[in-house]
$ cat data.cif   # mmCIF, C-alpha atoms
data_final
loop_
_atom_site.label_atom_id
_atom_site.label_comp_id
_atom_site.auth_asym_id
_atom_site.auth_seq_id
_atom_site.Cartn_x
_atom_site.Cartn_y
_atom_site.Cartn_z
CA MET A 1 -9.65 23.02 -5.67
CA LYS A 2 -11.75 19.86 -6.10
CA LYS A 3 -8.97 17.72 -4.66
CA LYS A 4 -8.71 20.06 -1.66
CA ARG A 5 -12.47 19.87 -1.04
CA ASN A 6 -12.29 16.06 -1.14
CA MET A 7 -9.47 16.07 1.41
CA ILE A 8 -11.45 18.37 3.69
CA LEU A 9 -14.54 16.16 3.35
CA GLY A 10 -12.49 13.09 4.23
CA PHE A 11 -11.08 14.86 7.31
CA LEU A 12 -14.54 15.91 8.45
CA LEU A 13 -15.80 12.37 8.00
CA LEU A 14 -12.99 11.07 10.20
CA LEU A 15 -13.84 13.65 12.86
CA GLY A 16 -17.46 12.52 12.69
CA LEU A 17 -16.46 8.90 13.11
CA PHE A 18 -14.43 9.52 16.24
CA ALA A 19 -16.72 12.17 17.74
CA GLY A 20 -20.15 10.67 17.47
CA ILE A 21 -20.63 7.58 15.38
CA CYS A 22 -19.36 5.23 18.11
CA VAL A 23 -22.67 5.92 19.84
CA GLN A 24 -24.58 5.05 16.67
CA ALA A 25 -22.71 1.77 16.43
CA GLU A 26 -23.61 0.85 20.01
CA GLU A 27 -27.23 1.70 19.35
CA ALA A 28 -27.21 -0.37 16.15
CA GLN A 29 -25.83 -3.45 17.89
CA VAL A 30 -28.54 -5.99 18.74
CA THR A 31 -28.13 -7.72 22.09
CA GLY A 32 -30.12 -10.42 23.77
CA ALA A 33 -31.59 -11.73 20.50
CA GLU A 34 -31.48 -15.25 19.15
CA GLU A 35 -28.21 -15.96 17.34
CA TYR A 36 -28.62 -17.08 13.73
CA LYS A 37 -26.10 -19.15 11.82
CA ILE A 38 -25.20 -18.53 8.19
CA GLY A 39 -22.72 -20.33 5.96
CA VAL A 40 -20.47 -18.41 3.56
CA ALA A 41 -19.13 -20.35 0.57
CA VAL A 42 -15.93 -18.91 -0.93
CA TYR A 43 -13.65 -20.11 -3.70
CA ASP A 44 -10.47 -19.46 -1.70
CA PRO A 45 -10.30 -17.88 1.78
CA GLU A 46 -6.70 -16.86 1.07
CA SER A 47 -7.74 -14.79 -1.96
CA SER A 48 -7.50 -11.07 -1.19
CA GLU A 49 -11.03 -10.50 -2.52
CA MET A 50 -12.55 -13.35 -0.54
CA ASN A 51 -10.60 -12.30 2.56
CA MET A 52 -12.06 -8.82 2.10
CA PHE A 53 -15.63 -10.15 2.22
CA ILE A 54 -14.83 -12.54 5.08
CA ASN A 55 -13.43 -9.73 7.21
CA TYR A 56 -16.52 -7.60 6.62
CA TYR A 57 -18.82 -10.39 7.76
CA ARG A 58 -16.70 -11.62 10.68
CA ASP A 59 -15.21 -8.37 12.00
CA TYR A 60 -18.08 -6.00 11.26
CA LEU A 61 -21.50 -7.66 10.85
CA GLU A 62 -20.95 -10.22 13.62
CA GLU A 63 -20.33 -7.30 15.96
CA GLY A 64 -23.61 -5.61 15.02
CA PHE A 65 -26.03 -8.51 14.62
CA PRO A 66 -26.85 -11.71 16.54
CA VAL A 67 -25.29 -13.87 13.85
CA LYS A 68 -22.52 -16.45 13.54
CA PHE A 69 -20.89 -17.00 10.14
CA TYR A 70 -19.33 -20.30 9.11
CA PHE A 71 -16.79 -19.87 6.30
CA SER A 72 -15.79 -22.57 3.86
CA GLY A 73 -12.28 -23.57 2.93
CA LYS A 74 -11.21 -23.54 -0.70
CA ILE A 75 -14.02 -24.75 -2.98
CA ASN A 76 -13.34 -25.54 -6.63
CA SER A 77 -16.24 -27.78 -7.60
CA VAL A 78 -20.03 -27.96 -7.50
CA GLU A 79 -19.88 -30.97 -5.23
CA GLY A 80 -17.51 -29.11 -2.93
CA GLU A 81 -20.06 -26.31 -2.51
CA ASN A 82 -22.90 -28.79 -1.99
CA GLU A 83 -20.91 -30.65 0.68
CA PHE A 84 -20.30 -27.35 2.45
CA ILE A 85 -24.04 -26.65 2.45
CA ARG A 86 -24.71 -30.04 4.06
CA ALA A 87 -21.92 -29.47 6.60
CA VAL A 88 -23.15 -26.07 7.78
CA LYS A 89 -26.70 -27.41 7.92
CA ALA A 90 -25.38 -29.94 10.46
CA GLN A 91 -23.97 -26.99 12.43
CA GLY A 92 -27.42 -25.42 12.61
CA ALA A 93 -27.12 -22.90 9.76
CA GLN A 94 -30.33 -21.85 8.02
CA GLY A 95 -28.90 -20.14 4.96
CA VAL A 96 -25.82 -19.76 2.75
CA ILE A 97 -24.30 -16.73 1.10
CA SER A 98 -22.27 -17.97 -1.84
CA PHE A 99 -19.50 -16.35 -3.85
CA LEU A 100 -19.48 -19.32 -6.24
CA GLY A 101 -22.68 -20.43 -7.99
CA MET A 102 -21.06 -22.88 -10.39
CA ASP A 103 -24.25 -24.90 -10.98
CA VAL A 104 -27.17 -23.18 -9.29
CA LYS A 105 -29.73 -25.71 -10.49
CA GLU A 106 -27.95 -28.58 -8.74
CA THR A 107 -27.04 -26.49 -5.71
CA ILE A 108 -30.58 -25.22 -5.21
CA ARG A 109 -31.77 -28.84 -5.31
CA VAL A 110 -29.40 -29.57 -2.42
CA CYS A 111 -30.60 -26.45 -0.58
CA GLU A 112 -34.21 -27.52 -0.98
CA GLU A 113 -33.42 -30.99 0.39
CA ASN A 114 -31.75 -29.40 3.41
CA GLU A 115 -34.17 -26.46 3.80
CA MET A 116 -31.39 -23.91 3.40
CA TYR A 117 -31.80 -20.45 1.89
CA TYR A 118 -29.24 -19.50 -0.77
CA VAL A 119 -28.16 -16.20 -2.27
CA LEU A 120 -25.25 -15.24 -4.49
CA GLY A 121 -23.45 -12.47 -2.62
CA SER A 122 -21.48 -10.88 -5.45
CA ASN A 123 -22.02 -12.78 -8.65
CA SER A 124 -24.40 -13.20 -11.57
CA ILE A 125 -25.86 -16.17 -13.42
CA SER A 126 -27.16 -16.64 -16.93
CA ASP A 127 -30.74 -15.86 -17.85
CA ALA A 128 -31.39 -19.56 -18.48
CA ASP A 129 -30.11 -20.58 -15.04
CA TYR A 130 -32.10 -17.82 -13.37
CA GLU A 131 -35.31 -18.88 -15.12
CA ALA A 132 -34.75 -22.47 -14.00
CA VAL A 133 -34.58 -21.63 -10.27
CA LYS A 134 -36.30 -18.25 -9.81
CA ASP A 135 -39.52 -19.77 -8.42
CA ASN A 136 -37.81 -22.01 -5.87
CA PRO A 137 -38.43 -20.39 -2.45
CA TRP A 138 -35.01 -21.50 -1.18
CA PHE A 139 -33.25 -19.46 -3.84
CA LEU A 140 -33.31 -15.82 -2.79
CA GLY A 141 -31.55 -14.41 -5.85
CA THR A 142 -28.35 -12.75 -6.98
CA ILE A 143 -26.54 -9.54 -6.20
CA GLY A 144 -23.69 -8.84 -8.54
CA PRO A 145 -22.04 -6.56 -11.04
CA ASP A 146 -24.25 -5.24 -13.81
CA PRO A 147 -22.91 -6.75 -17.07
CA GLU A 148 -22.99 -3.28 -18.62
CA ALA A 149 -20.87 -1.95 -15.76
CA VAL A 150 -18.43 -4.84 -16.17
CA HIS A 151 -18.06 -4.05 -19.87
CA GLN A 152 -17.73 -0.33 -19.17
CA ALA A 153 -14.97 -0.99 -16.64
CA GLY A 154 -12.76 -2.33 -19.42
CA ARG A 155 -13.57 0.65 -21.63
CA ASP A 156 -12.83 3.11 -18.83
CA MET A 157 -9.42 1.62 -18.11
CA ALA A 158 -8.31 1.60 -21.75
CA ASP A 159 -9.49 5.18 -22.16
CA TYR A 160 -7.55 6.21 -19.03
CA PHE A 161 -4.24 4.75 -20.23
CA LEU A 162 -4.64 6.06 -23.77
CA LYS A 163 -4.98 9.52 -22.25
CA LYS A 164 -1.75 8.76 -20.37
CA ASP A 165 -0.16 8.30 -23.81
CA GLY A 166 0.07 4.52 -23.64
CA LYS A 167 1.40 2.96 -26.83
CA SER A 168 2.44 -0.61 -26.05
CA PHE A 169 -0.29 -2.50 -24.16
CA LEU A 170 -0.31 -5.90 -22.50
CA ILE A 171 -3.80 -7.17 -21.62
CA MET A 172 -4.10 -9.91 -19.02
CA SER A 173 -7.44 -11.44 -19.99
CA GLY A 174 -7.57 -13.96 -17.13
CA GLY A 175 -10.40 -16.45 -17.43
CA ALA A 176 -11.88 -14.98 -20.60
CA SER A 177 -10.52 -17.93 -22.58
CA ARG A 178 -12.01 -20.36 -20.05
CA GLY A 179 -15.55 -19.06 -20.12
CA SER A 180 -15.47 -16.30 -17.49
CA SER A 181 -18.03 -13.86 -18.88
CA MET A 182 -16.89 -11.13 -16.49
CA HIS A 183 -13.27 -11.29 -17.69
CA ALA A 184 -14.38 -11.56 -21.32
CA LEU A 185 -16.61 -8.47 -21.07
CA ARG A 186 -13.82 -6.43 -19.47
CA THR A 187 -11.31 -7.47 -22.13
CA GLN A 188 -13.84 -6.79 -24.87
CA GLY A 189 -14.34 -3.26 -23.56
CA MET A 190 -10.58 -2.61 -23.57
CA LEU A 191 -10.24 -3.80 -27.16
CA GLU A 192 -13.19 -1.74 -28.37
CA VAL A 193 -11.70 1.50 -27.03
CA LEU A 194 -8.28 0.69 -28.48
CA GLN A 195 -9.94 0.03 -31.82
CA GLU A 196 -12.08 3.19 -31.71
CA GLN A 197 -9.49 5.61 -30.37
CA ALA A 198 -6.14 4.18 -31.47
CA GLY A 199 -7.10 2.41 -34.70
CA LEU A 200 -6.24 -1.08 -33.42
CA ILE A 201 -6.92 -3.61 -36.18
CA LEU A 202 -8.99 -6.54 -34.96
CA PRO A 203 -9.24 -9.71 -37.10
CA GLU A 204 -12.75 -10.37 -35.73
CA GLU A 205 -15.28 -8.65 -33.53
CA ALA A 206 -13.86 -7.58 -30.16
CA GLU A 207 -16.12 -10.11 -28.45
CA ALA A 208 -14.37 -12.97 -30.28
CA VAL A 209 -10.84 -11.60 -29.93
CA ALA A 210 -11.29 -11.14 -26.19
CA VAL A 211 -11.43 -14.92 -25.61
CA VAL A 212 -8.29 -16.00 -27.51
CA ASP A 213 -6.52 -18.85 -25.73
CA GLU A 214 -2.92 -18.03 -26.68
CA ASN A 215 -0.78 -14.91 -26.70
CA THR A 216 -1.97 -12.69 -29.54
CA THR A 217 -0.38 -9.43 -30.72
CA LEU A 218 -2.26 -6.77 -32.69
CA THR A 219 -1.31 -3.33 -33.98
CA ASN A 220 -2.81 -0.27 -35.62
CA SER A 221 -2.12 0.47 -39.29
CA ASP A 222 1.17 2.33 -38.80
CA GLY A 223 2.43 0.23 -35.90
CA THR A 224 2.49 3.11 -33.40
CA VAL A 225 0.16 1.23 -31.05
CA SER A 226 0.53 -2.46 -30.23
CA VAL A 227 -1.53 -4.74 -28.02
CA THR A 228 -0.67 -8.22 -26.76
CA ILE A 229 -3.46 -10.28 -25.20
CA CYS A 230 -2.11 -12.65 -22.57
CA PRO A 231 -4.76 -15.24 -21.56
CA ASP A 232 -5.49 -17.53 -18.62
CA TYR A 233 -5.35 -17.35 -14.85
CA THR A 234 -2.07 -16.63 -13.10
CA GLU A 235 -3.01 -19.08 -10.34
CA GLY A 236 -4.10 -22.52 -11.54
CA GLY A 237 -3.57 -21.68 -15.21
CA GLU A 238 -0.97 -20.77 -17.81
CA GLY A 239 -1.22 -17.02 -17.19
CA LEU A 240 2.21 -16.58 -15.61
CA ALA A 241 3.94 -18.62 -18.31
CA ASN A 242 2.14 -16.58 -20.96
CA LEU A 243 3.15 -13.36 -19.19
CA GLU A 244 6.80 -14.38 -19.11
CA SER A 245 6.65 -15.22 -22.80
CA ALA A 246 5.08 -11.85 -23.63
CA PHE A 247 7.68 -10.02 -21.54
CA ALA A 248 10.47 -11.86 -23.37
CA ASP A 249 9.11 -10.77 -26.76
CA ALA A 250 8.56 -7.01 -26.34
CA THR A 251 8.65 -3.93 -24.12
CA TYR A 252 5.47 -2.39 -22.70
CA ASP A 253 4.38 0.86 -21.13
CA VAL A 254 0.93 -0.32 -20.00
CA LEU A 255 -0.37 -3.54 -18.44
CA MET A 256 -4.16 -3.81 -18.09
CA SER A 257 -5.58 -6.75 -16.18
CA ALA A 258 -9.15 -8.01 -16.40
CA PHE A 259 -8.64 -9.39 -12.89
CA HIS A 260 -6.06 -8.76 -10.16
CA ALA A 261 -2.43 -7.81 -10.67
CA SER A 262 -1.18 -8.00 -7.09
CA THR A 263 0.14 -11.57 -7.23
CA TYR A 264 2.51 -10.96 -10.15
CA LEU A 265 3.81 -7.48 -9.42
CA ASP A 266 7.26 -8.99 -8.90
CA LYS A 267 7.25 -10.11 -12.54
CA ILE A 268 6.27 -6.61 -13.65
CA ALA A 269 9.03 -5.05 -11.51
CA GLU A 270 11.60 -7.40 -13.05
CA LYS A 271 10.46 -6.43 -16.53
CA GLU A 272 10.66 -2.71 -15.66
CA ASN A 273 14.23 -3.19 -14.52
CA THR A 274 15.10 -5.15 -17.66
CA GLN A 275 13.61 -2.65 -20.10
CA GLY A 276 14.69 0.36 -18.03
CA SER A 277 11.31 2.08 -18.05
CA ASN A 278 8.07 2.24 -16.08
CA ILE A 279 5.03 0.09 -16.84
CA MET A 280 1.70 1.66 -15.89
CA VAL A 281 -0.49 -1.00 -14.29
CA GLY A 282 -4.27 -1.16 -14.07
CA ALA A 283 -6.48 -3.89 -12.62
CA ILE A 284 -10.21 -4.54 -12.43
CA ASP A 285 -10.03 -6.05 -8.99
CA SER A 286 -11.29 -5.02 -5.54
CA PHE A 287 -10.61 -2.46 -2.83
CA THR A 288 -8.71 -4.98 -0.72
CA GLU A 289 -6.27 -4.47 2.14
CA GLN A 290 -3.57 -5.98 -0.08
CA ASN A 291 -4.11 -3.33 -2.74
CA PHE A 292 -4.24 -0.68 -0.01
CA GLU A 293 -0.73 -1.69 1.11
CA ILE A 294 0.48 -1.79 -2.50
CA PHE A 295 -0.76 1.73 -3.22
CA LYS A 296 1.35 3.02 -0.33
CA GLU A 297 4.54 1.57 -1.85
CA ARG A 298 6.82 3.00 -4.53
CA ASP A 299 8.51 1.13 -7.37
CA ALA A 300 11.97 1.76 -8.80
CA PHE A 301 10.61 4.71 -10.78
CA GLY A 302 8.91 6.36 -7.80
CA ASN A 303 5.39 5.28 -8.79
CA ALA A 304 2.86 3.11 -6.99
CA PRO A 305 3.21 -0.50 -8.26
CA ILE A 306 -0.47 -0.29 -9.33
CA ASP A 307 -1.65 2.94 -10.92
CA TYR A 308 -5.34 2.26 -11.40
CA VAL A 309 -7.92 0.03 -9.71
CA GLN A 310 -11.58 -0.40 -10.50
CA GLY A 311 -13.67 -2.93 -8.65
CA LYS A 312 -15.76 -4.13 -5.73
CA TYR A 313 -15.45 -3.22 -2.07
CA ALA A 314 -16.08 -5.32 1.03
CA SER A 315 -19.47 -4.12 2.23
CA MET A 316 -21.07 -4.60 -1.18
CA ALA A 317 -21.81 -8.05 0.29
CA GLY A 318 -24.01 -6.47 2.98
CA PRO A 319 -27.36 -6.60 1.15
CA ALA A 320 -26.97 -10.35 0.55
CA PHE A 321 -26.76 -10.79 4.31
CA ALA A 322 -29.90 -8.69 4.75
CA MET A 323 -31.76 -10.96 2.32
CA VAL A 324 -30.77 -14.12 4.17
CA TYR A 325 -31.64 -12.52 7.51
CA ASN A 326 -35.11 -11.63 6.23
CA ALA A 327 -35.65 -15.18 4.99
CA ILE A 328 -34.50 -17.02 8.11
CA THR A 329 -36.54 -14.73 10.36
CA GLY A 330 -39.69 -15.49 8.37
CA HIS A 331 -39.99 -12.34 6.27
CA PRO A 332 -39.36 -13.25 2.61
CA GLU A 333 -41.84 -10.52 1.64
CA ALA A 334 -39.16 -7.94 2.54
CA ASN A 335 -37.02 -9.35 -0.29
CA THR A 336 -39.53 -9.91 -3.08
CA SER A 337 -43.12 -8.90 -3.76
CA ASP A 338 -43.99 -11.59 -6.30
CA GLY A 339 -42.27 -14.63 -4.82
CA GLU A 340 -39.58 -14.74 -7.50
CA ALA A 341 -35.89 -14.58 -6.66
CA VAL A 342 -34.44 -11.11 -7.10
CA ARG A 343 -31.68 -9.92 -9.41
CA LEU A 344 -30.01 -6.78 -8.09
CA TYR A 345 -27.03 -5.02 -9.58
CA GLN A 346 -24.06 -3.01 -8.38
CA GLY A 347 -21.18 -1.33 -10.17
CA PHE A 348 -17.56 -0.58 -9.34
CA TRP A 349 -15.52 2.09 -7.62
CA LYS A 350 -12.45 3.56 -9.31
CA ALA A 351 -9.15 4.90 -7.97
CA ASP A 352 -6.45 6.27 -10.26
CA ASN A 353 -3.95 7.48 -7.67
CA ARG A 354 -2.73 6.76 -4.15
CA GLU A 355 -4.83 9.47 -2.49
CA SER A 356 -8.12 8.41 -4.08
CA TYR A 357 -7.54 4.74 -3.22
CA ILE A 358 -6.80 5.53 0.43
CA GLU A 359 -9.87 7.77 0.68
CA LEU A 360 -12.24 5.22 -0.85
CA TYR A 361 -10.74 2.31 1.08
CA GLY A 362 -11.44 4.23 4.28
CA TYR A 363 -15.15 4.35 3.50
CA THR A 364 -15.29 0.55 3.22
CA THR A 365 -13.47 -0.52 6.37
CA GLY A 366 -14.84 1.69 9.14
CA ILE A 367 -15.49 -0.12 12.41
CA TYR A 368 -18.27 2.25 13.47
CA GLU A 369 -19.59 3.24 10.06
CA ASN A 370 -19.29 1.65 6.67
CA ALA A 371 -20.38 2.01 3.07
CA TYR A 372 -23.12 -0.49 3.97
CA SER A 373 -23.35 -0.03 7.72
CA CYS A 374 -25.23 -2.15 10.25
CA ASP A 375 -27.71 0.68 10.63
CA SER A 376 -28.37 0.98 6.89
CA LEU A 377 -28.86 -2.79 6.59
CA MET A 378 -31.33 -2.77 9.49
CA GLN A 379 -33.52 -0.42 7.47
CA VAL A 380 -34.17 -3.24 4.95
CA ILE A 381 -34.51 -6.08 7.51
CA LYS A 382 -38.11 -6.56 8.61
CA VAL A 383 -37.46 -7.56 12.23
CA PHE A 384 -35.69 -4.23 12.78
CA ASN A 385 -37.87 -2.02 10.59
CA ASP A 386 -41.56 -2.65 9.90
CA ASP A 387 -41.27 -0.52 6.76
CA ALA A 388 -38.65 -2.78 5.15
CA SER A 389 -39.71 -3.68 1.60
CA PRO A 390 -38.36 -5.06 -1.68
CA GLU A 391 -38.30 -1.52 -3.05
CA LYS A 392 -36.13 -0.29 -0.18
CA LEU A 393 -33.84 -3.32 -0.52
CA LYS A 394 -33.33 -2.59 -4.20
CA GLU A 395 -32.78 1.11 -3.53
CA LEU A 396 -30.13 0.44 -0.87
CA THR A 397 -28.38 -2.33 -2.81
CA GLU A 398 -28.05 -0.28 -5.97
CA ALA A 399 -26.94 2.86 -4.06
CA TYR A 400 -23.32 1.70 -4.25
CA THR A 401 -21.60 4.77 -5.71
CA VAL A 402 -19.14 6.98 -3.83
CA GLU A 403 -21.72 9.76 -3.77
CA ASP A 404 -24.38 7.41 -2.37
CA VAL A 405 -22.04 6.19 0.36
CA LYS A 406 -20.91 9.67 1.38
CA ALA A 407 -24.55 10.74 1.63
CA ARG A 408 -25.35 7.78 3.92
CA ILE A 409 -22.33 8.43 6.16
CA LEU A 410 -23.19 12.10 6.47
CA GLY A 411 -26.87 11.30 7.05
CA GLU A 412 -28.09 13.27 4.06
#
$ encode --input "data.cif" --output "C-alpha cells"
Amino acid sequence: MKKKRNMILGFLLLLGLFAGICVQAEEAQVTGAEEYKIGVAVYDPESSEMNMFINYYRDYLEEGFPVKFYFSGKINSVEGENEFIRAVKAQGAQGVISFLGMDVKETIRVCEENEMYYVLGSNSISDADYEAVKDNPWFLGTIGPDPEAVHQAGRDMADYFLKKDGKSFLIMSGGASRGSSMHALRTQGMLEVLQEQAGLILPEEAEAVAVVDENTTLTNSDGTVSVTICPDYTEGGEGLANLESAFADATYDVLMSAFHASTYLDKIAEKENTQGSNIMVGAIDSFTEQNFEIFKERDAFGNAPIDYVQGKYASMAGPAFAMVYNAITGHPEANTSDGEAVRLYQGFWKADNRESYIELYGYTTGIYENAYSCDSLMQVIKVFNDDASPEKLKELTEAYTVEDVKARILGE
C-alpha cells in the first residue's frame, strides 16, 4: 500500500509540474537585472558527480537568475585551483564555488588578494582549517555532508546487505587509505555493522582497519561471513588492480563501495559470469544521470547492475550559490549574523531499487521545479526577499530530506 501511495504521489507531482509550475518558473526568472559572474572549481568536469552539479548550475540556475557560471577544467592541485581563481577574476567573476578545498588557507589568501568570495559547495574541512580562515570576509563557509551522516551511510548499507543475507563481502574503500576522511568514515561504518551483527573479527578498531592500504581479508569466528577490503581509487590509483586481485582470489555475493561503482561495472559483470552467480552492488555515490541510466538496465541475472545507492543530488549545491549571490550583491548579513564563515550540513538520499531511484532522481532534475528550486533559493537571497536571514538560509540548506523536498514542491 505504501508503494502504491508513493507512485500516486509521484504521478500527482508530475501533473502539477506540467499543469501549473511552468508559470511559477516564469515568475521566478529574473529579467533585466545586472548579470553576475561566478566561477565553479571542479576536480573533473567529466566525473558524473561533477557533471551533475555543472548541469544544475548551467541548465537550471542560469535560466532563473541573471548569472553566468565559468567552469574549470580538471583541477588536481592547490595551485591549479588558485590559477583558476585568478583566471575567472580576469573574466569579471566576483566569487567562486569550489568542490575542491585542498588547502583553504592558501586559497583564501589568493581570494583575498583578488577580492573574490569563496564557498565550498559540497565539502567539509577540518576544524583547524576552519578556525584559521573563519574570520576572513572573503571566505563564506562550507556546505557539505555531516560527518555523522557520512559514517551512518556506511552503516546503513552494510545493514541493508546483511538483511539480504550477504555472506561474502568486498568493500571498495576508495581514498580511505590516502587520507579521504569521507571514504574512511563510510568504510568504518560498514565494518562496525559487520562486526556487531555478523561477528566479524577485527584486528584493530574499525577506524584503523578502514584505512588499510592493501587488500585485507577478515572473517567471523566460524568462517560463515568473510570481508575483503580493497583500497585505493579506481581512477588514478591501484583500485582496479586491487579489485582484479580480489576477484581472482574468491567469490562474492556483495560489493559495497565507499565511492562510485559505475566505472567498473564491467569488471563486476565479468566476475558474475565467471562465478556463475549474482553480486549485489551498493555505492555511496550521487543521484547522477549515469546512475539513472544504469538503474534502468538489467544484468545477466535480471537485476539492475547497481542495487543500492546512497548519496548527494544535484541541487544540494543550490544554497552555496545563494551564499555567493548574497555576498556579491552586498548582503553578507543574509549569510551570517556574527561575521564568521558558516558551516552548514546536509545528508544523503537513499534508493534501494529501480523505482525508488527513478522517483528520487525526478525530484532533482525538474526544469520548472527542483529539490532546491529557483523560487526557494530566492527566499534566502536578500535582493529578492527582504526577510532573508542566516536562520532561513540554515533552515533551507538543512531541509534536504525527501520529505522536506516533497513538502516544498507541493507548497506545504
$ residues_near_point --input "data.cif" --point "(-6.2, -22.4, -9.0)" --cutoff "12 Å" --atoms "only C-alpha atoms" --output "PyMOL selection string"
chain A and resi 43-44+46-47+74-77+174-175+232-239
$ residues_around --input "data.cif" --residues "Leu202 in chain A" --least-positions-apart "3" --cutoff "9 Å" --atoms "all atoms listed in the file" --output "list in words"
Leu191, Gln195, Glu205, Ala206, Val209, Leu218, Thr219 and Asn220 of chain A
$ atom_distance --input "data.cif" --atom1 "CA of Met50 in chain A" --atom2 "CA of Ser286 in chain A"
9.8 Å
$ closest_atom_pairs --input "data.cif" --of "range 248-337 of chain A" --to "range 62-71 of chain A" --cutoff "12 Å" --atoms "all atoms listed in the file" --output "JSON lines"
{"residue": "A:Gly318", "atom": "CA", "partner": "A:Glu62", "partner_atom": "CA", "distance": 11.7}
{"residue": "A:Phe321", "atom": "CA", "partner": "A:Val67", "partner_atom": "CA", "distance": 10.1}
{"residue": "A:Ala322", "atom": "CA", "partner": "A:Phe65", "partner_atom": "CA", "distance": 10.6}
{"residue": "A:Val324", "atom": "CA", "partner": "A:Val67", "partner_atom": "CA", "distance": 11.1}
{"residue": "A:Tyr325", "atom": "CA", "partner": "A:Val67", "partner_atom": "CA", "distance": 9.1}
{"residue": "A:Ile328", "atom": "CA", "partner": "A:Val67", "partner_atom": "CA", "distance": 11.3}
{"residue": "A:Thr329", "atom": "CA", "partner": "A:Val67", "partner_atom": "CA", "distance": 11.8}
$ resolve_selection --input "data.cif" --expression "the PyMOL selection byres ((chain A and resi 341) around 7)" --output "mmCIF file with C-alpha atoms, in the coordinates of the input"
data_model
loop_
_atom_site.group_PDB
_atom_site.id
_atom_site.type_symbol
_atom_site.label_atom_id
_atom_site.label_comp_id
_atom_site.auth_asym_id
_atom_site.auth_seq_id
_atom_site.Cartn_x
_atom_site.Cartn_y
_atom_site.Cartn_z
ATOM 1 C CA LYS A 134 -36.300 -18.250 -9.810
ATOM 2 C CA ASP A 135 -39.520 -19.770 -8.420
ATOM 3 C CA PHE A 139 -33.250 -19.460 -3.840
ATOM 4 C CA LEU A 140 -33.310 -15.820 -2.790
ATOM 5 C CA GLY A 141 -31.550 -14.410 -5.850
ATOM 6 C CA THR A 336 -39.530 -9.910 -3.080
ATOM 7 C CA GLY A 339 -42.270 -14.630 -4.820
ATOM 8 C CA GLU A 340 -39.580 -14.740 -7.500
ATOM 9 C CA VAL A 342 -34.440 -11.110 -7.100
ATOM 10 C CA ARG A 343 -31.680 -9.920 -9.410
#
$ closest_residue --input "data.cif" --among "A:Ala246, A:Ala153, A:Met172, A:Ala388" --to "Trp349 in chain A" --atoms "only C-alpha atoms"
A:Ala153
$ atom_distance --input "data.cif" --atom1 "CA of Gln290 in chain A" --atom2 "CA of Ser262 in chain A"
7.7 Å
$ atom_distance --input "data.cif" --atom1 "CA of Tyr361 in chain A" --atom2 "CA of Gln310 in chain A"
11.9 Å
$ residues_around --input "data.cif" --residues "range 85-102 of chain A" --least-positions-apart "4" --cutoff "6 Å" --atoms "only C-alpha atoms" --output "PyMOL selection string"
chain A and resi 37-42+78+116-121
$ resolve_selection --input "data.cif" --expression "the PyMOL selection byres ((chain A and resi 214) around 10)" --output "PyMOL selection string"
chain A and resi 177+211-213+215-217+229-232+238-239+242
$ residues_around --input "data.cif" --residues "range 124-130 of chain A" --least-positions-apart "4" --cutoff "7 Å" --atoms "only C-alpha atoms" --output "PDB file with C-alpha atoms, keeping the file's coordinate frame"
ATOM      1  CA  VAL A 104     -27.170 -23.180  -9.290  1.00  0.00           C
ATOM      2  CA  LYS A 105     -29.730 -25.710 -10.490  1.00  0.00           C
ATOM      3  CA  LYS A 134     -36.300 -18.250  -9.810  1.00  0.00           C
ATOM      4  CA  THR A 142     -28.350 -12.750  -6.980  1.00  0.00           C
ATOM      5  CA  ILE A 143     -26.540  -9.540  -6.200  1.00  0.00           C
ATOM      6  CA  GLY A 144     -23.690  -8.840  -8.540  1.00  0.00           C
TER       7      GLY A 144
END
$ residues_around --input "data.cif" --residues "range 378-381 of chain A" --least-positions-apart "3" --cutoff "6 Å" --atoms "only C-alpha atoms" --output "mmCIF file with C-alpha atoms, in the frame of the given file"
data_model
loop_
_atom_site.group_PDB
_atom_site.id
_atom_site.type_symbol
_atom_site.label_atom_id
_atom_site.label_comp_id
_atom_site.auth_asym_id
_atom_site.auth_seq_id
_atom_site.Cartn_x
_atom_site.Cartn_y
_atom_site.Cartn_z
ATOM 1 C CA ALA A 322 -29.900 -8.690 4.750
ATOM 2 C CA ASN A 326 -35.110 -11.630 6.230
ATOM 3 C CA ASP A 375 -27.710 0.680 10.630
ATOM 4 C CA PHE A 384 -35.690 -4.230 12.780
ATOM 5 C CA ASN A 385 -37.870 -2.020 10.590
ATOM 6 C CA ALA A 388 -38.650 -2.780 5.150
ATOM 7 C CA LEU A 393 -33.840 -3.320 -0.520
#
$ resolve_selection --input "data.cif" --expression "the PyMOL selection byres ((chain A and resi 59) around 12)" --output "MDAnalysis selection string"
chainID A and resid 51:58 60:65 67:69 314:315 365:368 374
$ closest_residue --input "data.cif" --among "A:Asn335, A:Ser373, A:Gln152, A:Asn291" --to "Arg354 in chain A" --atoms "all atoms listed in the file"
A:Asn291
$ build_atoms --input "data.cif" --residues "range 374-378 of chain A" --atoms "N, CA, C and O atoms" --output "PDB file, in the frame of the given file"
ATOM      1  N   CYS A 374     -24.214  -1.354   9.552  1.00  0.00           N
ATOM      2  CA  CYS A 374     -25.230  -2.150  10.250  1.00  0.00           C
ATOM      3  C   CYS A 374     -26.558  -1.388  10.272  1.00  0.00           C
ATOM      4  O   CYS A 374     -27.625  -1.962  10.039  1.00  0.00           O
ATOM      5  N   ASP A 375     -26.492  -0.113  10.551  1.00  0.00           N
ATOM      6  CA  ASP A 375     -27.710   0.680  10.630  1.00  0.00           C
ATOM      7  C   ASP A 375     -28.445   0.727   9.298  1.00  0.00           C
ATOM      8  O   ASP A 375     -29.668   0.578   9.251  1.00  0.00           O
ATOM      9  N   SER A 376     -27.709   0.918   8.192  1.00  0.00           N
ATOM     10  CA  SER A 376     -28.370   0.980   6.890  1.00  0.00           C
ATOM     11  C   SER A 376     -28.968  -0.367   6.514  1.00  0.00           C
ATOM     12  O   SER A 376     -30.044  -0.428   5.906  1.00  0.00           O
ATOM     13  N   LEU A 377     -28.316  -1.465   6.882  1.00  0.00           N
ATOM     14  CA  LEU A 377     -28.860  -2.790   6.590  1.00  0.00           C
ATOM     15  C   LEU A 377     -30.116  -3.060   7.410  1.00  0.00           C
ATOM     16  O   LEU A 377     -31.067  -3.698   6.938  1.00  0.00           O
ATOM     17  N   MET A 378     -30.137  -2.580   8.655  1.00  0.00           N
ATOM     18  CA  MET A 378     -31.330  -2.770   9.490  1.00  0.00           C
ATOM     19  C   MET A 378     -32.565  -2.126   8.880  1.00  0.00           C
ATOM     20  O   MET A 378     -33.686  -2.588   9.114  1.00  0.00           O
TER      21      MET A 378
END
